[in-house]
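Peer 1: Here it is, the structure, as structure tokens.
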Amino acid sequence: MPVSDIYPTTFDEDVPTETDTNHCPECDGRITPSGDESVCADCGLVVDEQRLDRGPEWRSYDEDECRRTGGARTVSRHDRGLSTTIGYGTDSRGNQLSRRKRRQLARMRREHSRGQYESKADRNLMHGFTEIRRIVGALNLGDSLRDQACSLFRTAQSESLLRGRSIEGIAAACVYAAIRCNGLPRTLDEIATLAKVPQSRVKSCYKSLNAELGLPAKPMTPSEFVPQLASDLDVPDRLRRRAREYARRAQESGVTTGVRPSGFAAACLYKASESTLLTQDEVAEAADTTSVTVRTHWQTLNEVVD
């Protein structure tokens, strides 16, 4: 198929068609472009003005207002958001296209999708970034953490850490690593539930990232999980503050070393509720642990607090 069938040539209104357009009609001086205008360098006469403003337009006063520049650059795309999108059945004004034009657009989309990836590495980046965006969106995390996870995935690929490991496991491990580096109260079980690989594989990939890249991950404390559990259980603020105080005192005494922080945070909430508002089964279900774990930590907490 000839290229002219896909890319038909049209008239460009900005291309000069006369040979004497570089001379001023008043003083026969030299015309130079200045912004969106053509100005005579000798007398200053504005000879021509661009009918189209090709500058950026980032105004967003109205959601229906069009933007000519598209989205900003982002690290969450394999091409940093610089790719184009080809439409389907309508043009820019919403008019229906003919059958011949739709066939041309279909062929253009096929060739465009084939030309998006220059190598296998770009294809792996696209697959990994798609998985990261899916997990981050399911967890309702911010765009900043999504960009950090994508940057970490790109670094892991440049360090040849994807060899012998699944892309889904590395993507889930990058999300968990970004969560740990930001100190957010999220557990590995929550990430593994949304991932397409088992939890053991996500844990193994995270250990590899932490060992090879030296991540600044901070240890999780029970006090960081108290607000999330209190919100899930609809606990009053006074009990939430009391549970955080219990968690802080337990951390200072050293009894939280080596324990699961979410389970100990559940025991702090159970202790703060004075065993009347909440049951062990309710806090255990919210913390994704067992009632035996909550009861064991509650007994330890009683020895520290009392």
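Chain identifiers are assigned as A, B, and so on, following the order in which chains appear in the structure tokens; residues are numbered from 1 within each chain, and ligands are numbered from 1 in order of appearance.
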Could you list, as a PyMOL selection string, every residue within 9 Å of Ala266 in chain A, counting only C-alpha atoms and ignoring same-chain residues fewer than 4 positions away?
Peer 2: chain A and resi 222+225-226+229-230+243+261-262+270-271+280+283-284+286-287+289+294+297-298
Peer 1: May I have the residues within 8 Å of Val304 in chain A as a list in words, using only C-alpha atoms and disregarding those fewer than 5 positions away in the same chain?
Peer 2: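 What passes the distance filter is Arg249, Ala250 and Ser253 of chain A.
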Peer 1: DSSP on the backbone, then: every residue of range 48-290 of chain A marked alpha helix (DSSP H), written as a ChimeraX atom specification.
Peer 2: /A:99-114,120-138,143-158,167-182,188-194,199-213,222-233,237-253,261-272,280-286
Peer 1: If I take CA of Arg146 in chain A and CA of Arg186 in chain A, how far is one from the other in Å, to one decimal?
Peer 2: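 So the answer is 14.6 Å.
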Peer 1: Quick one: pull the distance between CA of Glu49 in chain A and CA of Asp91 in chain A, Å, one decimal.
Peer 2: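 A separation of 27.1 Å between them.
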Peer 1: Using only C-alpha atoms, can you tell me which of A:Leu184, A:Val46, A:Met108, A:Ile191 comes closest to Ala138 in chain A?
Peer 2: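 Using only C-alpha atoms, Ala138 in chain A sits closest to A:Ile191.
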Peer 1: Which residues are close to Arg244 in chain A, i.e. within 6 Å by only C-alpha atoms, leaving aside same-chain residues fewer than 3 positions away? Reply as a list in words.
Peer 2: Ser223, Arg241 and Ala247 of chain A
Peer 1: Quick one: residues within 8 Å of Tyr88 in chain A, only C-alpha atoms, excluding same-chain residues fewer than 6 positions away - as number ranges by chain?
Peer 2: A: 102, 105-106
Peer 1: Apply DSSP to the backbone of this structure and, from range 44-256 of chain A, keep only the residues in strand (DSSP E or B); write these as a ChimeraX atom specification.
Peer 2: /A:46-49,90,96
Peer 1: Nearest to Ser151 in chain A: which of A:Val197, A:Ala192, A:Val75, A:Leu45 is it, counting only C-alpha atoms?
Peer 2: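 Nearest candidate to Ser151 in chain A out of A:Val197, A:Ala192, A:Val75, A:Leu45: A:Val75.
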Peer 1: Smallest atom-to-atom distance to Glu190 in chain A: which of A:Asp147, A:Glu252, A:Asp232, A:Asp288, using only C-alpha atoms?
Peer 2: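 Among the listed residues, the smallest separation from Glu190 in chain A belongs to A:Asp288.
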Peer 1: List the neighbours of Ile170 in chain A out to 10 Å using only C-alpha atoms; skip same-chain residues closer than 2 positions along the sequence, and give me the result as a list in words.
Peer 2: Gly128, Glu131, Ile132, Leu152, Phe153, Ala156, Gln157, Leu161, Leu162, Arg165, Ser166, Ile167, Glu168, Ala172, Ala173, Cys174, Val175, Tyr176, Val197, Arg201, Val202, Lys203, Ser204, Cys205, Tyr206, Ser208 and Leu209 of chain A
Peer 1: To one decimal place in Å, what is the distance between CA of Ser144 in chain A and CA of Ala265 in chain A?
Peer 2: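 Interatomic distance here is 26.9 Å.
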Peer 1: Which residues, written as a list in words, have at least one atom at most 10 Å from Ser98 in chain A, with only C-alpha atoms counted and residues fewer than 6 positions away on the same chain left out?
Peer 2: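 Returned residues: Gly89, Thr90 and Gln104 of chain A.
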Peer 1: Please save N, CA, C and O atoms of the selected residues as a tab-separated table (two decimals), in the first residue's frame.
Peer 2:
```tsv
chain	number	residue	atom	x	y	z
A	89	GLY	N	-13.98	6.90	14.68
A	89	GLY	CA	-14.99	7.14	13.67
A	89	GLY	C	-15.34	8.57	13.39
A	89	GLY	O	-16.15	8.84	12.51
A	90	THR	N	-14.78	9.52	14.14
A	90	THR	CA	-15.12	10.92	13.95
A	90	THR	C	-13.86	11.76	13.85
A	90	THR	O	-12.78	11.34	14.28
A	104	GLN	N	-8.45	3.68	6.52
A	104	GLN	CA	-7.12	4.29	6.62
A	104	GLN	C	-6.70	4.48	8.07
A	104	GLN	O	-5.55	4.21	8.44
```
